[in-house]
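What follows is a single structure, written as structure tokens, with notes after it.
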Amino acid sequence: MDSIPIIDLKDYVKGSDLLVQNVSRACEELGMFQVINHGVPQDICQKVMATLLEFFQLPYEERAQFFTEDQSEQVKIFSYSLKLDDQKKVAMWSETFSHPWHPTQGFTHLLPKYPPQYRDVFAEYAREIGALMSMLFGLMSQGLGLEKDCIEKRVGDRPNLYSLANYYPPCPQPELTLGLNEHNDITALTVLLQLDGVTGLQVYKDGNWVTVEPVPGALVIILPDQMQVLTNGRYKSAVHRAVTNKWLPRVSLALFYAPNDETVIGPIENLISEDHPPNYRSYRYKEFMEEFHRQVGQRRRVKETFEI
Ligand SMILES: O=C(O)CCC(=O)C(=O)O
Ligand SMILES: [Fe+2]
């Protein structure tokens with residue numbers, strides 16, 4: 001099977017066991033699936049994509065104010081790079097724009113003034129994705145036989161919410177580079193929107209790279225490392241990457257839900273038993289991030305350092 005599951009959320013309000021099963025199976029097998037009928041209006045998704053494409057195509061001088069190598073900046077444009085065996089650094093074929101998002105709290109004053117609709121469009125999208133994430137945390141908890149609010153509670157209060165918009169310009173020789181090197185997301189949940197009609201995202205499945213086809217109106221749900229740790233390995237953190245193409249620019253937008261620095265993350269007690277001893281030791285998220293930064297420029301394997 002070289003496609004990833006597409007899960008219809010239309011039965012969510014009715015509370016469907018089949019839906020819970022479909023979600024938990026996708027989380028256990030691959031850690032990635034697409035959702036349709038997710039409640040986020042399609043015109044908001046299209047508007048946010050069009051706005052990002054416009055942003056990335058603004059004149060250099062307008063975007064230059066956001067360029068920085070200081071990772072602690074809240075709002076920044078940067079490029080990923082990878083250290084090769086000879087320690088030479090190569091840049092990935094992409095540019096990434098990062099900033100906070102929040103479903104209710106004011107964050108938009110931090111966002112770009114151009115294109116002029118950026119702030120409003122993004123705020124609307126953020127509200128919608130906030131609601132969807134809560135729904136997904138609920139389904140994922142139920143899929144493990146836990147209380148509906150269990151995972152969200154364990155990820156903790158004052159979550160760190162930030163987005164990464166990735167821009168991949170057309171590349172004359174896509175076989176020589178990557179848009180984004182293979183990685184696991186490090187947070188607790190990722191909701192990704194990809195530009196319609198342009199492929200690029202791939203997930204590692206049974207030893208192969210499988211293309212995640214953009215499905216009009218769908219959102220891609222990616223399980224990150226904290227989800228694998230919290231569920232003691234029941235749910236998988238998906239290994240994925242982005243490739244480039246010769247002809248069309250591509251944009252993707254990932255909204256991340258992460259614990260705050262002080263939150264303690266470790267396997268949920270109800271999932272531990274004599275037959276299922278803990279696979280990870282508990283840590284503060286800050287510790288996880290320190291390890292993440294230590295591995296900068298490499299194929300990061302962060303959760304592995306917390307394995308028991
Ligand atoms: O461009 C994509 O589809 C993947 C982006 C991604 O994996 C990320 O930003 O973490
Ligand atoms: Fe990712």
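So you can find residues: chains in the structure tokens are A, B, ... in the order shown, residues in each start at 1, and ligands are numbered from 1 in order.
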
Q. So which residues are near ligand 2, meaning at most 8 Å away with only C-alpha atoms and all ligand atoms counted, given back as a ChimeraX atom specification?
A. /A:183-185,190,222,240-241,254

Q: Residues within 8 Å of ligand 1 should be enumerated using only C-alpha atoms and all ligand atoms and returned as a PyMOL selection string.
A: chain A and resi 164-168+179-180+183-185+192-194+200-202+240-242+250-254

Q: Could you give me the residues within region 53-131 of chain A that DSSP places in alpha helix (DSSP H), as a ChimeraX atom specification?
A: /A:53-56,60-64,118-131

Q: Excluding region 93-99 of chain A and residues on its chain fewer than 5 positions from it, collect all residues at most 10 Å away from it, counting only C-alpha atoms, and give them as a ChimeraX atom specification.
A: /A:52,55-56,63,66-67,71,73-81,107-108,110-112,161-171,174,176-181,242-244,250-255

Q) Which polymer residues have any atom within 8 Å of an atom of region 118-122 of chain A, counting only C-alpha atoms, with same-chain residues fewer than 2 positions away left out, as a PyMOL selection string? A) chain A and resi 44+47-48+51-52+108-109+111-116+124-126

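Once Phe306 (chain A) and its same-chain neighbours fewer than 4 positions away are set aside, A:Val229, A:Gly266, A:Asn279, A:Tyr280, A:Arg281, A:Ser282, A:Tyr283, A:Glu287, A:Phe288, A:Glu291, A:Val302 remain within 10 Å of it when counting only C-alpha atoms.
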
Residues as selected, C-alpha atoms, written as a compact mmCIF listing (two decimals), in the first residue's frame, can you do that?
```txt
# COMPACT_ATOMS: atom_id res chain seq x y z
CA VAL A 229 7.01 9.21 24.19
CA GLY A 266 7.10 10.78 29.93
CA ASN A 279 10.46 2.77 27.01
CA TYR A 280 11.46 6.34 27.86
CA ARG A 281 12.56 8.18 30.95
CA SER A 282 10.70 11.36 31.89
CA TYR A 283 12.26 14.72 31.11
CA GLU A 287 15.96 19.12 28.28
CA PHE A 288 14.55 17.67 25.09
CA GLU A 291 19.38 17.87 23.05
CA VAL A 302 16.42 13.29 19.91
```

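Of the listed residues (A:Pro214, A:Gly197, A:Pro277, A:Pro41), A:Pro41 comes nearest to Ile129 (chain A); the distances count only C-alpha atoms.
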
Would you mind listing, for every residue of region 206-228 of chain A within 12 Å of region 130-145 of chain A, the two atoms forming the shortest contact and the distance between them in Å to one decimal, using only C-alpha atoms, sorted by chain and ascending residue number, as CSV?
```
residue,atom,partner,partner_atom,distance
A:Leu219,CA,A:Leu132,CA,10.3
A:Val220,CA,A:Leu132,CA,11.8
A:Ile221,CA,A:Leu136,CA,9.0
A:Ile222,CA,A:Leu136,CA,11.0
A:Leu223,CA,A:Met140,CA,10.3
A:Met227,CA,A:Met140,CA,9.7
A:Gln228,CA,A:Met140,CA,11.7
```

Q | A:Ile265, A:Leu82, A:Cys45, A:Val20 ranked by distance to Ile151 (chain A), top pick (using only C-alpha atoms) | A |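 Nearest candidate to Ile151 (chain A) out of A:Ile265, A:Leu82, A:Cys45, A:Val20: A:Ile265.
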
Q: Write out as a VMD selection string each polymer residue whose atoms come within 9 Å of region 269-275 of chain A, counting only C-alpha atoms; drop sequence neighbours fewer than 4 positions from it.
A: chain A and resid 144 146 230 to 232 234

Keeping N, CA and C atoms for every residue in the selection just given, could you write it to a file as a CSV table (one decimal), in the first residue's frame?
```csv
chain,number,residue,atom,x,y,z
A,144,LEU,N,-6.7,5.0,22.8
A,144,LEU,CA,-5.8,4.3,23.7
A,144,LEU,C,-6.6,3.9,24.9
A,146,LEU,N,-8.0,6.0,26.9
A,146,LEU,CA,-7.8,7.0,28.0
A,146,LEU,C,-8.9,8.0,28.0
A,230,LEU,N,4.8,10.0,25.0
A,230,LEU,CA,3.7,10.0,25.9
A,230,LEU,C,2.9,8.7,25.8
A,231,THR,N,2.9,8.1,24.6
A,231,THR,CA,2.1,6.9,24.5
A,231,THR,C,3.0,5.6,24.6
A,232,ASN,N,4.2,5.9,25.1
A,232,ASN,CA,5.2,4.8,25.4
A,232,ASN,C,5.4,3.9,24.1
A,234,ARG,N,3.3,3.4,21.6
A,234,ARG,CA,2.1,2.9,21.0
A,234,ARG,C,1.8,3.7,19.7
```

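With only C-alpha atoms as the atoms that count, the residue of A:Glu29, A:Tyr12, A:His38, A:Gln46 with the shortest distance to Asp206 (chain A) is A:Glu29.
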
Q: Could you check how far CA of Pro5 (chain A) sits from CA of Val23 (chain A), in Å to one decimal?
A: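 Interatomic distance, CA of Pro5 (chain A) to CA of Val23 (chain A): 9.1 Å.
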
Q | From A:Ile268, A:Ala91, A:Pro249, A:Gln21, residue lying nearest Leu53 (chain A) [only C-alpha atoms] | A |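 Using only C-alpha atoms, the shortest distance to Leu53 (chain A) belongs to A:Pro249.
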